[in-house]
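The structure appears below as structure tokens.
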Amino acid sequence: MRLVNFANDGDRALGVLDGDEVVDLSASGLPGDTVELISQWDRAKVEHAVADSPRLQAHAVRLLAPLRPRKNVLAVGRNYRDHAREFSASGFDASEKQMVPDFPVVFTKAPTSVIGPDEPIVLANDPTGSTDYEGEMAVVIGKAARNVSRDDALGHVFGWTIVNDVTARDLQKRHVQWFVGKSPDTFCPMGPAITTIDELPDIGSSWLRTRVNGELRQEAPISDLIFDVPTLIATLSEVMTLEPGDVIATGTGEGVGIGFDPPVYLGSGDVVEISIDGIGTLSNPVV
Ligand code: MG
């Protein structure tokens, strides 16, 4: 199942993407908020609701981010070897101790940075003019996780989505801690859907591809992650409670703008498209 949120007369409505149609669940009696629905998933009669609800043509629907995070989006830095190498070579990482880390490098992005498909990434929110893209697969937590082993970790996953971990590189460097450079408004495009884990059990076999203005910039299998999804969940849940609806962006592959010499940052009029097999394509213009 591919869960979406869409704009419905100024409101946010819950839906399911099914081919070229969106099933409109807004009158189904299910919770209208994705995080709430995920929390109640096991007892929610979602299959019945989908069968009984009206359908809209997908092209006539404006999709929103598939959920509104209740807290910061968790994110992992330098989690693909080739990207770790290009990032290290750029000399830009103010906190780098070694190229490939021994433990996951975890930071967060403010929830106010989240936008949906086709919403613009606003360059004016980066006063340093060094805005870069990072195509990433993101995990959506389904069941609360605390002290979960690697073997049990996938049982706590609700599904997968796409995040563009848009980054103001000079802010990332200037403030040492990455949070400021990662959190400008509009710097966390998310979507288009959350694909449930039962529909896409082997995320490792999916490929991540990022295009800027149609030019292929990033291409890597999710299986290239240095710290895989079970490791990330085990590591985080060893110290904190992961809750339903929490989002973990798992890191980006080689081919970001900072990897070019000189760096190639986003400019007004660019379009960034991130595709992951089984999830879809997240496209955002840059203004
Ligand atoms: Mg990233």
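Following the order of the structure tokens, chains are lettered A, B, ..., residues in each are numbered from 1, and ligands are numbered from 1.
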Checklist entry - Given a cut-off of 6 Å, what residues near ligand 1 show up using only C-alpha atoms and all ligand atoms, put as a ChimeraX atom specification? => result /A:77,134,165,251-252
Filtering to C-alpha atoms, could you give me those residues as a PDB file, in the first residue's frame?
ATOM      1  CA  GLY A  77      25.397  11.423   7.438  1.00  0.00           C
ATOM      2  CA  GLU A 134      20.826  14.849  -1.111  1.00  0.00           C
ATOM      3  CA  ASP A 165      18.033  16.160   2.674  1.00  0.00           C
ATOM      4  CA  GLY A 251      21.904   9.017   4.002  1.00  0.00           C
ATOM      5  CA  THR A 252      22.781  10.018   0.472  1.00  0.00           C
TER       6      THR A 252
END
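Of the residues in segment 64-134 of chain A, those given strand (DSSP E) by DSSP on the backbone are Leu64, Val73, Leu74, Ala75, Val76, Gly77, Val105, Val106, Phe107, Thr108, Lys109, Val114, Ile115, Thr131 and Asp132 of chain A.
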Would you save the residues of that selection, restricted to N, CA, C and O atoms, as a PDB file, in the first residue's frame?
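Contents of again_31.pdb, freshly written:
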ATOM      1  N   LEU A  64       0.657  16.161  -0.824  1.00  0.00           N
ATOM      2  CA  LEU A  64       1.409  16.842   0.230  1.00  0.00           C
ATOM      3  C   LEU A  64       2.434  15.846   0.777  1.00  0.00           C
ATOM      4  O   LEU A  64       2.437  14.675   0.385  1.00  0.00           O
ATOM      5  N   VAL A  73      13.122  15.226  12.150  1.00  0.00           N
ATOM      6  CA  VAL A  73      13.455  14.110  11.271  1.00  0.00           C
ATOM      7  C   VAL A  73      14.877  13.672  11.602  1.00  0.00           C
ATOM      8  O   VAL A  73      15.805  14.487  11.606  1.00  0.00           O
ATOM      9  N   LEU A  74      15.027  12.399  11.928  1.00  0.00           N
ATOM     10  CA  LEU A  74      16.365  11.852  12.167  1.00  0.00           C
ATOM     11  C   LEU A  74      17.043  11.614  10.831  1.00  0.00           C
ATOM     12  O   LEU A  74      16.381  11.260   9.844  1.00  0.00           O
ATOM     13  N   ALA A  75      18.332  11.826  10.783  1.00  0.00           N
ATOM     14  CA  ALA A  75      19.032  11.657   9.515  1.00  0.00           C
ATOM     15  C   ALA A  75      20.441  11.151   9.777  1.00  0.00           C
ATOM     16  O   ALA A  75      21.005  11.367  10.848  1.00  0.00           O
ATOM     17  N   VAL A  76      20.985  10.470   8.779  1.00  0.00           N
ATOM     18  CA  VAL A  76      22.291   9.837   8.923  1.00  0.00           C
ATOM     19  C   VAL A  76      23.242  10.425   7.877  1.00  0.00           C
ATOM     20  O   VAL A  76      22.905  10.504   6.698  1.00  0.00           O
ATOM     21  N   GLY A  77      24.400  10.844   8.333  1.00  0.00           N
ATOM     22  CA  GLY A  77      25.397  11.423   7.438  1.00  0.00           C
ATOM     23  C   GLY A  77      26.421  10.383   6.997  1.00  0.00           C
ATOM     24  O   GLY A  77      26.667   9.406   7.702  1.00  0.00           O
ATOM     25  N   VAL A 105      26.635   8.473  11.894  1.00  0.00           N
ATOM     26  CA  VAL A 105      26.653   9.911  12.169  1.00  0.00           C
ATOM     27  C   VAL A 105      25.198  10.384  12.105  1.00  0.00           C
ATOM     28  O   VAL A 105      24.606  10.435  11.035  1.00  0.00           O
ATOM     29  N   VAL A 106      24.628  10.696  13.270  1.00  0.00           N
ATOM     30  CA  VAL A 106      23.191  11.007  13.313  1.00  0.00           C
ATOM     31  C   VAL A 106      22.990  12.474  13.651  1.00  0.00           C
ATOM     32  O   VAL A 106      23.617  13.013  14.556  1.00  0.00           O
ATOM     33  N   PHE A 107      22.124  13.114  12.878  1.00  0.00           N
ATOM     34  CA  PHE A 107      21.743  14.504  13.147  1.00  0.00           C
ATOM     35  C   PHE A 107      20.241  14.606  12.925  1.00  0.00           C
ATOM     36  O   PHE A 107      19.587  13.597  12.622  1.00  0.00           O
ATOM     37  N   THR A 108      19.675  15.783  13.110  1.00  0.00           N
ATOM     38  CA  THR A 108      18.232  15.920  12.854  1.00  0.00           C
ATOM     39  C   THR A 108      17.956  17.165  12.023  1.00  0.00           C
ATOM     40  O   THR A 108      18.801  18.056  11.889  1.00  0.00           O
ATOM     41  N   LYS A 109      16.760  17.169  11.459  1.00  0.00           N
ATOM     42  CA  LYS A 109      16.249  18.301  10.684  1.00  0.00           C
ATOM     43  C   LYS A 109      14.955  18.768  11.350  1.00  0.00           C
ATOM     44  O   LYS A 109      14.132  17.957  11.769  1.00  0.00           O
ATOM     45  N   VAL A 114       9.913  20.403   6.460  1.00  0.00           N
ATOM     46  CA  VAL A 114       9.272  19.418   5.585  1.00  0.00           C
ATOM     47  C   VAL A 114       8.289  20.084   4.619  1.00  0.00           C
ATOM     48  O   VAL A 114       7.464  20.906   5.025  1.00  0.00           O
ATOM     49  N   ILE A 115       8.427  19.727   3.347  1.00  0.00           N
ATOM     50  CA  ILE A 115       7.450  20.119   2.324  1.00  0.00           C
ATOM     51  C   ILE A 115       7.081  18.892   1.507  1.00  0.00           C
ATOM     52  O   ILE A 115       7.695  17.832   1.652  1.00  0.00           O
ATOM     53  N   THR A 131      23.152  26.016  -1.409  1.00  0.00           N
ATOM     54  CA  THR A 131      22.116  25.002  -1.222  1.00  0.00           C
ATOM     55  C   THR A 131      22.383  23.784  -2.109  1.00  0.00           C
ATOM     56  O   THR A 131      22.555  23.916  -3.318  1.00  0.00           O
ATOM     57  N   ASP A 132      22.387  22.623  -1.467  1.00  0.00           N
ATOM     58  CA  ASP A 132      22.730  21.369  -2.150  1.00  0.00           C
ATOM     59  C   ASP A 132      21.610  20.349  -1.917  1.00  0.00           C
ATOM     60  O   ASP A 132      20.864  20.436  -0.948  1.00  0.00           O
TER      61      ASP A 132
END
Checklist entry - Do you know which residues are at most 10 Å from segment 15-32 of chain A counting only C-alpha atoms, after dropping those on the same chain fewer than 4 positions away, and could you put them as a PyMOL selection string? => result chain A and resi 1-6+8+11+36-41+44-46+48-61+63+66+192-195
Preceding selection exported with C-alpha atoms as a PDB file, in the first residue's frame:
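Output file result-v3.pdb follows:
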ATOM      1  CA  MET A   1       0.000   0.000   0.000  1.00  0.00           C
ATOM      2  CA  ARG A   2       1.236   3.492  -0.842  1.00  0.00           C
ATOM      3  CA  LEU A   3      -0.096   6.046   1.642  1.00  0.00           C
ATOM      4  CA  VAL A   4      -0.334   9.686   0.619  1.00  0.00           C
ATOM      5  CA  ASN A   5      -1.634  12.979   1.916  1.00  0.00           C
ATOM      6  CA  PHE A   6      -3.334  15.340  -0.494  1.00  0.00           C
ATOM      7  CA  ASN A   8      -8.669  18.627  -0.286  1.00  0.00           C
ATOM      8  CA  ASP A  11      -7.583  20.560   4.196  1.00  0.00           C
ATOM      9  CA  GLU A  36      -2.228   8.721  14.165  1.00  0.00           C
ATOM     10  CA  LEU A  37      -3.192   6.113  11.579  1.00  0.00           C
ATOM     11  CA  ILE A  38       0.229   4.436  11.825  1.00  0.00           C
ATOM     12  CA  SER A  39      -0.183   4.306  15.629  1.00  0.00           C
ATOM     13  CA  GLN A  40      -3.512   2.492  15.198  1.00  0.00           C
ATOM     14  CA  TRP A  41      -2.542   0.477  12.124  1.00  0.00           C
ATOM     15  CA  ALA A  44      -7.555   0.093  11.742  1.00  0.00           C
ATOM     16  CA  LYS A  45      -9.590  -1.536   9.000  1.00  0.00           C
ATOM     17  CA  VAL A  46      -7.589   0.067   6.225  1.00  0.00           C
ATOM     18  CA  HIS A  48     -11.972  -2.274   4.047  1.00  0.00           C
ATOM     19  CA  ALA A  49     -11.789   1.506   3.964  1.00  0.00           C
ATOM     20  CA  VAL A  50      -9.825   1.424   0.712  1.00  0.00           C
ATOM     21  CA  ALA A  51     -12.375  -0.892  -0.884  1.00  0.00           C
ATOM     22  CA  ASP A  52     -15.293   1.300   0.164  1.00  0.00           C
ATOM     23  CA  SER A  53     -13.902   4.776  -0.539  1.00  0.00           C
ATOM     24  CA  PRO A  54     -14.209   7.009  -3.600  1.00  0.00           C
ATOM     25  CA  ARG A  55     -11.370   7.345  -6.079  1.00  0.00           C
ATOM     26  CA  LEU A  56      -9.883  10.431  -7.676  1.00  0.00           C
ATOM     27  CA  GLN A  57      -7.675  10.763 -10.729  1.00  0.00           C
ATOM     28  CA  ALA A  58      -4.130  11.100  -9.376  1.00  0.00           C
ATOM     29  CA  HIS A  59      -3.180  13.797 -11.905  1.00  0.00           C
ATOM     30  CA  ALA A  60      -5.988  15.992 -10.550  1.00  0.00           C
ATOM     31  CA  VAL A  61      -4.755  15.696  -6.957  1.00  0.00           C
ATOM     32  CA  LEU A  63      -0.001  15.595  -3.069  1.00  0.00           C
ATOM     33  CA  PRO A  66       2.833  11.888   3.320  1.00  0.00           C
ATOM     34  CA  PRO A 192       5.416  11.206  -2.807  1.00  0.00           C
ATOM     35  CA  ALA A 193       4.137   8.237  -0.767  1.00  0.00           C
ATOM     36  CA  ILE A 194       4.973   5.926   2.095  1.00  0.00           C
ATOM     37  CA  THR A 195       5.198   2.414   0.695  1.00  0.00           C
TER      38      THR A 195
END
Next on the checklist: Report as a VMD selection string all protein, DNA and RNA residues lying within 8 Å of Pro69 of chain A, evaluated on only C-alpha atoms, omitting residues in the same chain fewer than 3 positions from it.
Outcome noted: chain A and resid 35 72 to 73 111 245 to 247
Selection file, N, CA and C atoms, as a PDB file, in the first residue's frame:
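Output (part-v5.pdb):
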ATOM      1  N   VAL A  35       0.345   9.971  11.126  1.00  0.00           N
ATOM      2  CA  VAL A  35       1.025   9.444  12.317  1.00  0.00           C
ATOM      3  C   VAL A  35       0.017   8.735  13.223  1.00  0.00           C
ATOM      4  N   ASN A  72      11.660  16.150  15.259  1.00  0.00           N
ATOM      5  CA  ASN A  72      12.683  16.298  14.229  1.00  0.00           C
ATOM      6  C   ASN A  72      12.830  15.025  13.402  1.00  0.00           C
ATOM      7  N   VAL A  73      13.122  15.226  12.150  1.00  0.00           N
ATOM      8  CA  VAL A  73      13.455  14.110  11.271  1.00  0.00           C
ATOM      9  C   VAL A  73      14.877  13.672  11.602  1.00  0.00           C
ATOM     10  N   PRO A 111      11.220  19.792  11.971  1.00  0.00           N
ATOM     11  CA  PRO A 111      10.002  19.364  11.266  1.00  0.00           C
ATOM     12  C   PRO A 111       9.415  20.461  10.386  1.00  0.00           C
ATOM     13  N   GLY A 245       5.611   6.804  13.349  1.00  0.00           N
ATOM     14  CA  GLY A 245       5.652   8.033  12.568  1.00  0.00           C
ATOM     15  C   GLY A 245       6.997   8.733  12.567  1.00  0.00           C
ATOM     16  N   ASP A 246       7.930   8.266  13.384  1.00  0.00           N
ATOM     17  CA  ASP A 246       9.279   8.838  13.322  1.00  0.00           C
ATOM     18  C   ASP A 246       9.900   8.521  11.961  1.00  0.00           C
ATOM     19  N   VAL A 247      10.676   9.464  11.465  1.00  0.00           N
ATOM     20  CA  VAL A 247      11.294   9.318  10.145  1.00  0.00           C
ATOM     21  C   VAL A 247      12.811   9.332  10.313  1.00  0.00           C
TER      22      VAL A 247
END
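Here atom CA of Pro230 of chain A and atom CA of Asn284 of chain A stand 29.6 Å from one another.
Atom CA of Ile276 of chain A is positioned 9.3 Å from atom CA of Ile203 of chain A.
Taking only C-alpha atoms into account, Trp178 of chain A lies nearest to A:Asp93 out of the set A:Ser275, A:Asp93, A:Pro221, A:Ala7.
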Give me the residues within 9 Å of Gln98 of chain A as a CSV table (one decimal) with N, CA and C atoms, in the first residue's frame, counting only C-alpha atoms and dropping any in the same chain fewer than 3 places off.
chain,number,residue,atom,x,y,z
A,88,SER,N,34.5,13.9,2.0
A,88,SER,CA,35.8,14.1,2.6
A,88,SER,C,36.7,14.9,1.7
A,101,PRO,N,32.9,6.6,8.9
A,101,PRO,CA,32.8,6.5,10.4
A,101,PRO,C,32.6,5.1,10.9
A,102,ASP,N,33.0,4.9,12.2
A,102,ASP,CA,32.9,3.6,12.9
A,102,ASP,C,31.4,3.4,13.3
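Of the listed residues (A:Glu238, A:Gly255, A:Thr250, A:Val176), A:Gly255 comes nearest to Glu215 of chain A; the distances count only C-alpha atoms.
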Report as a tab-separated table: every residue of segment 114-174 of chain A with an atom at most 10 Å from segment 264-269 of chain A, its closest pair of atoms, and their distance in Å to one decimal, counting only C-alpha atoms, with rows sorted by chain and ascending residue number.
residue	atom	partner	partner_atom	distance
A:Pro120	CA	A:Gly269	CA	9.8
A:Ile121	CA	A:Ser268	CA	9.2
A:Val122	CA	A:Ser268	CA	8.5
A:Leu123	CA	A:Ser268	CA	7.3
A:Ala124	CA	A:Ser268	CA	9.8
A:Gly129	CA	A:Tyr265	CA	8.0
A:Ser130	CA	A:Tyr265	CA	5.8
A:Thr131	CA	A:Tyr265	CA	5.6
A:Asp132	CA	A:Tyr265	CA	5.3
A:Tyr133	CA	A:Leu266	CA	7.5
A:Val166	CA	A:Leu266	CA	9.8
A:Thr167	CA	A:Tyr265	CA	10.0
A:Ala168	CA	A:Tyr265	CA	9.4
A:Arg169	CA	A:Tyr265	CA	9.1
Grab the residues selected above and save them as an mmCIF file, in the first residue's frame with all heavy atoms.
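In the end it all went to out-v2.cif:
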data_model
loop_
_atom_site.group_PDB
_atom_site.id
_atom_site.type_symbol
_atom_site.label_atom_id
_atom_site.label_comp_id
_atom_site.auth_asym_id
_atom_site.auth_seq_id
_atom_site.Cartn_x
_atom_site.Cartn_y
_atom_site.Cartn_z
ATOM 1 N N PRO A 120 8.105 24.209 -3.803
ATOM 2 C CA PRO A 120 9.429 24.743 -4.102
ATOM 3 C C PRO A 120 10.399 24.731 -2.915
ATOM 4 O O PRO A 120 10.007 25.003 -1.781
ATOM 5 C CB PRO A 120 9.143 26.183 -4.538
ATOM 6 C CG PRO A 120 7.814 26.514 -3.961
ATOM 7 C CD PRO A 120 7.048 25.235 -3.844
ATOM 8 N N ILE A 121 11.641 24.402 -3.213
ATOM 9 C CA ILE A 121 12.761 24.600 -2.290
ATOM 10 C C ILE A 121 13.169 26.068 -2.446
ATOM 11 O O ILE A 121 13.494 26.508 -3.549
ATOM 12 C CB ILE A 121 13.935 23.676 -2.675
ATOM 13 C CG1 ILE A 121 13.521 22.195 -2.565
ATOM 14 C CG2 ILE A 121 15.169 23.974 -1.830
ATOM 15 C CD1 ILE A 121 14.444 21.232 -3.305
ATOM 16 N N VAL A 122 13.121 26.812 -1.330
ATOM 17 C CA VAL A 122 13.304 28.267 -1.408
ATOM 18 C C VAL A 122 14.743 28.641 -1.053
ATOM 19 O O VAL A 122 15.172 28.565 0.110
ATOM 20 C CB VAL A 122 12.298 28.987 -0.478
ATOM 21 C CG1 VAL A 122 12.507 30.500 -0.532
ATOM 22 C CG2 VAL A 122 10.862 28.624 -0.862
ATOM 23 N N LEU A 123 15.493 29.061 -2.073
ATOM 24 C CA LEU A 123 16.910 29.382 -1.876
ATOM 25 C C LEU A 123 17.115 30.553 -0.919
ATOM 26 O O LEU A 123 18.142 30.639 -0.244
ATOM 27 C CB LEU A 123 17.567 29.711 -3.227
ATOM 28 C CG LEU A 123 17.617 28.572 -4.249
ATOM 29 C CD1 LEU A 123 18.218 29.085 -5.557
ATOM 30 C CD2 LEU A 123 18.440 27.408 -3.720
ATOM 31 N N ALA A 124 16.127 31.445 -0.847
ATOM 32 C CA ALA A 124 16.265 32.629 0.014
ATOM 33 C C ALA A 124 16.379 32.240 1.486
ATOM 34 O O ALA A 124 16.835 33.051 2.309
ATOM 35 C CB ALA A 124 15.070 33.560 -0.181
ATOM 36 N N GLY A 129 23.843 30.983 0.193
ATOM 37 C CA GLY A 129 23.866 30.632 -1.233
ATOM 38 C C GLY A 129 24.640 29.371 -1.555
ATOM 39 O O GLY A 129 25.354 29.318 -2.561
ATOM 40 N N SER A 130 24.504 28.366 -0.705
ATOM 41 C CA SER A 130 25.249 27.115 -0.929
ATOM 42 C C SER A 130 24.320 25.918 -0.771
ATOM 43 O O SER A 130 24.655 24.938 -0.115
ATOM 44 C CB SER A 130 26.414 27.024 0.063
ATOM 45 O OG SER A 130 25.933 27.102 1.402
ATOM 46 N N THR A 131 23.152 26.016 -1.409
ATOM 47 C CA THR A 131 22.116 25.002 -1.222
ATOM 48 C C THR A 131 22.383 23.784 -2.109
ATOM 49 O O THR A 131 22.555 23.916 -3.318
ATOM 50 C CB THR A 131 20.734 25.602 -1.554
ATOM 51 O OG1 THR A 131 20.525 26.767 -0.743
ATOM 52 C CG2 THR A 131 19.634 24.589 -1.283
ATOM 53 N N ASP A 132 22.387 22.623 -1.467
ATOM 54 C CA ASP A 132 22.730 21.369 -2.150
ATOM 55 C C ASP A 132 21.610 20.349 -1.917
ATOM 56 O O ASP A 132 20.864 20.436 -0.948
ATOM 57 C CB ASP A 132 24.056 20.843 -1.576
ATOM 58 C CG ASP A 132 24.797 19.908 -2.515
ATOM 59 O OD1 ASP A 132 24.265 19.554 -3.581
ATOM 60 O OD2 ASP A 132 25.940 19.532 -2.155
ATOM 61 N N TYR A 133 21.514 19.373 -2.806
ATOM 62 C CA TYR A 133 20.516 18.303 -2.698
ATOM 63 C C TYR A 133 21.169 17.043 -2.143
ATOM 64 O O TYR A 133 22.383 16.853 -2.300
ATOM 65 C CB TYR A 133 19.921 17.986 -4.082
ATOM 66 C CG TYR A 133 21.010 17.663 -5.087
ATOM 67 C CD1 TYR A 133 21.503 16.364 -5.229
ATOM 68 C CD2 TYR A 133 21.602 18.673 -5.823
ATOM 69 C CE1 TYR A 133 22.551 16.085 -6.101
ATOM 70 C CE2 TYR A 133 22.645 18.406 -6.701
ATOM 71 C CZ TYR A 133 23.109 17.116 -6.835
ATOM 72 O OH TYR A 133 24.155 16.847 -7.677
ATOM 73 N N VAL A 166 17.968 18.405 1.783
ATOM 74 C CA VAL A 166 18.541 19.649 1.244
ATOM 75 C C VAL A 166 19.382 20.316 2.340
ATOM 76 O O VAL A 166 18.995 20.331 3.515
ATOM 77 C CB VAL A 166 17.427 20.600 0.763
ATOM 78 C CG1 VAL A 166 18.033 21.869 0.169
ATOM 79 C CG2 VAL A 166 16.532 19.901 -0.266
ATOM 80 N N THR A 167 20.538 20.801 1.941
ATOM 81 C CA THR A 167 21.540 21.264 2.900
ATOM 82 C C THR A 167 22.136 22.597 2.465
ATOM 83 O O THR A 167 22.517 22.747 1.302
ATOM 84 C CB THR A 167 22.688 20.225 2.987
ATOM 85 O OG1 THR A 167 22.138 18.948 3.303
ATOM 86 C CG2 THR A 167 23.703 20.628 4.052
ATOM 87 N N ALA A 168 22.207 23.527 3.409
ATOM 88 C CA ALA A 168 22.952 24.767 3.180
ATOM 89 C C ALA A 168 24.392 24.496 3.597
ATOM 90 O O ALA A 168 24.721 24.495 4.783
ATOM 91 C CB ALA A 168 22.353 25.906 3.999
ATOM 92 N N ARG A 169 25.264 24.227 2.630
ATOM 93 C CA ARG A 169 26.611 23.719 2.943
ATOM 94 C C ARG A 169 27.412 24.684 3.821
ATOM 95 O O ARG A 169 28.095 24.262 4.749
ATOM 96 C CB ARG A 169 27.389 23.446 1.662
ATOM 97 C CG ARG A 169 26.842 22.310 0.824
ATOM 98 C CD ARG A 169 26.997 20.974 1.494
ATOM 99 N NE ARG A 169 26.437 19.907 0.652
ATOM 100 C CZ ARG A 169 26.004 18.751 1.124
ATOM 101 N NH1 ARG A 169 26.052 18.485 2.430
ATOM 102 N NH2 ARG A 169 25.510 17.843 0.317
#
Considering only C-alpha atoms, return as an mmCIF file with N, CA and C atoms, in the first residue's frame whatever protein or nucleic-acid residues lie within 9 Å of Arg81 of chain A, sequence-local ones (same chain, fewer than 4 positions apart) excluded.
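Final file, result.cif:
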data_model
loop_
_atom_site.group_PDB
_atom_site.id
_atom_site.type_symbol
_atom_site.label_atom_id
_atom_site.label_comp_id
_atom_site.auth_asym_id
_atom_site.auth_seq_id
_atom_site.Cartn_x
_atom_site.Cartn_y
_atom_site.Cartn_z
ATOM 1 N N ARG A 85 33.523 9.455 0.620
ATOM 2 C CA ARG A 85 34.789 9.793 -0.037
ATOM 3 C C ARG A 85 34.694 11.176 -0.697
ATOM 4 N N GLU A 86 33.628 11.426 -1.435
ATOM 5 C CA GLU A 86 33.522 12.718 -2.140
ATOM 6 C C GLU A 86 33.365 13.858 -1.130
ATOM 7 N N MET A 99 37.117 9.449 7.364
ATOM 8 C CA MET A 99 36.263 9.466 6.181
ATOM 9 C C MET A 99 35.037 8.573 6.354
ATOM 10 N N VAL A 100 35.267 7.300 6.630
ATOM 11 C CA VAL A 100 34.149 6.385 6.854
ATOM 12 C C VAL A 100 34.015 6.177 8.362
ATOM 13 N N ASP A 224 23.862 -0.428 -0.714
ATOM 14 C CA ASP A 224 25.189 0.155 -0.487
ATOM 15 C C ASP A 224 25.301 0.893 0.848
ATOM 16 N N LEU A 225 24.219 1.020 1.596
ATOM 17 C CA LEU A 225 24.291 1.700 2.894
ATOM 18 C C LEU A 225 25.386 1.070 3.762
ATOM 19 N N ILE A 226 26.232 1.895 4.364
ATOM 20 C CA ILE A 226 27.259 1.381 5.277
ATOM 21 C C ILE A 226 26.578 0.806 6.523
ATOM 22 N N GLY A 253 23.808 9.095 -1.497
ATOM 23 C CA GLY A 253 24.865 8.473 -2.287
ATOM 24 C C GLY A 253 25.814 9.505 -2.882
ATOM 25 N N GLU A 254 26.738 9.000 -3.666
ATOM 26 C CA GLU A 254 27.703 9.878 -4.337
ATOM 27 C C GLU A 254 26.987 10.727 -5.388
#
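Between Ser183 of chain A and the candidates A:Ser283, A:Thr112, A:Ser237, A:Ser90, the tightest atom-to-atom separation, counting only C-alpha atoms, involves A:Thr112.
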Next on the checklist: DSSP on the backbone: which residues in segment 21-259 of chain A end up as alpha helix (DSSP H)? Give the answer as a VMD selection string.
Outcome noted: chain A and resid 34 to 39 46 to 52 81 to 90 150 to 153 169 to 174 179 to 182 229 to 237
Mind running segment 112-140 of chain A against segment 149-164 of chain A at 8 Å and telling me each contacting residue's nearest atom pair with the distance in Å (one decimal), counting only C-alpha atoms, chain and number ascending, as CSV?
residue,atom,partner,partner_atom,distance
A:Tyr133,CA,A:Asn164,CA,6.3
A:Glu134,CA,A:Asn164,CA,5.3
A:Gly135,CA,A:Asn164,CA,4.9
A:Glu136,CA,A:Val163,CA,5.3
A:Met137,CA,A:Ile162,CA,4.9
A:Ala138,CA,A:Thr161,CA,5.1
A:Val139,CA,A:Trp160,CA,4.8
A:Val140,CA,A:Gly159,CA,5.3
If you keep N, CA and C atoms, can you produce a file of those selected residues as a short mmCIF file (atom, residue, chain, number, x, y, z; two decimals), in the first residue's frame?
data_model
loop_
_atom_site.label_atom_id
_atom_site.label_comp_id
_atom_site.auth_asym_id
_atom_site.auth_seq_id
_atom_site.Cartn_x
_atom_site.Cartn_y
_atom_site.Cartn_z
N TYR A 133 21.51 19.37 -2.81
CA TYR A 133 20.52 18.30 -2.70
C TYR A 133 21.17 17.04 -2.14
N GLU A 134 20.37 16.18 -1.52
CA GLU A 134 20.83 14.85 -1.11
C GLU A 134 19.64 13.89 -1.22
N GLY A 135 19.62 13.09 -2.24
CA GLY A 135 18.55 12.09 -2.39
C GLY A 135 18.72 10.97 -1.38
N GLU A 136 17.63 10.63 -0.67
CA GLU A 136 17.75 9.62 0.40
C GLU A 136 16.49 8.77 0.53
N MET A 137 16.70 7.52 0.89
CA MET A 137 15.60 6.66 1.31
C MET A 137 15.37 6.93 2.80
N ALA A 138 14.11 7.06 3.20
CA ALA A 138 13.80 7.31 4.61
C ALA A 138 12.89 6.21 5.15
N VAL A 139 13.19 5.80 6.37
CA VAL A 139 12.41 4.78 7.07
C VAL A 139 11.32 5.48 7.88
N VAL A 140 10.11 4.95 7.85
CA VAL A 140 9.04 5.42 8.72
C VAL A 140 8.78 4.34 9.76
#
Checklist entry - Any idea what the distance is between atom CA of Leu208 of chain A and atom CA of Ala220 of chain A? => result 5.3 Å
If we count only C-alpha atoms and set the cut-off at 9 Å, which residues sit around Asn147 of chain A, ignoring sequence neighbours fewer than 2 positions away in its own chain? Please answer as a short mmCIF file (atom, residue, chain, number, x, y, z; two decimals) with N, CA, C and O atoms, in the first residue's frame.
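Full text of around.cif as output:
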data_model
loop_
_atom_site.label_atom_id
_atom_site.label_comp_id
_atom_site.auth_asym_id
_atom_site.auth_seq_id
_atom_site.Cartn_x
_atom_site.Cartn_y
_atom_site.Cartn_z
N ALA A 145 9.91 1.45 19.31
CA ALA A 145 11.11 0.61 19.39
C ALA A 145 12.01 1.11 20.51
O ALA A 145 12.37 2.28 20.57
N SER A 149 16.79 -5.40 18.80
CA SER A 149 17.98 -6.00 18.17
C SER A 149 17.91 -5.82 16.67
O SER A 149 16.85 -5.54 16.09
N ILE A 233 18.24 1.23 13.38
CA ILE A 233 17.17 1.11 14.39
C ILE A 233 17.74 0.55 15.70
O ILE A 233 17.41 1.04 16.79
N ALA A 234 18.61 -0.44 15.61
CA ALA A 234 19.21 -1.01 16.82
C ALA A 234 20.04 0.05 17.55
O ALA A 234 19.97 0.19 18.78
N THR A 235 20.81 0.82 16.78
CA THR A 235 21.68 1.84 17.39
C THR A 235 20.87 2.93 18.09
O THR A 235 21.17 3.30 19.23
N LEU A 236 19.87 3.44 17.39
CA LEU A 236 19.08 4.53 17.97
C LEU A 236 18.23 4.04 19.14
O LEU A 236 18.16 4.68 20.19
N SER A 237 17.61 2.87 18.97
CA SER A 237 16.68 2.41 20.01
C SER A 237 17.41 1.90 21.25
O SER A 237 16.78 1.67 22.28
N GLU A 238 18.72 1.77 21.16
CA GLU A 238 19.49 1.40 22.35
C GLU A 238 19.45 2.52 23.38
O GLU A 238 19.60 2.28 24.57
N VAL A 239 19.24 3.74 22.90
CA VAL A 239 19.29 4.87 23.83
C VAL A 239 18.00 5.68 23.87
O VAL A 239 17.77 6.44 24.81
N MET A 240 17.16 5.57 22.85
CA MET A 240 15.94 6.39 22.83
C MET A 240 14.77 5.56 22.32
O MET A 240 14.96 4.55 21.67
N THR A 241 13.58 6.04 22.63
CA THR A 241 12.38 5.39 22.13
C THR A 241 12.04 5.93 20.75
O THR A 241 11.86 7.15 20.60
#
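For the set A:Leu67, A:Met190, A:Ala249, A:Ala84, the residue with the smallest atom-to-atom gap to Gly280 of chain A is A:Met190, counting only C-alpha atoms.
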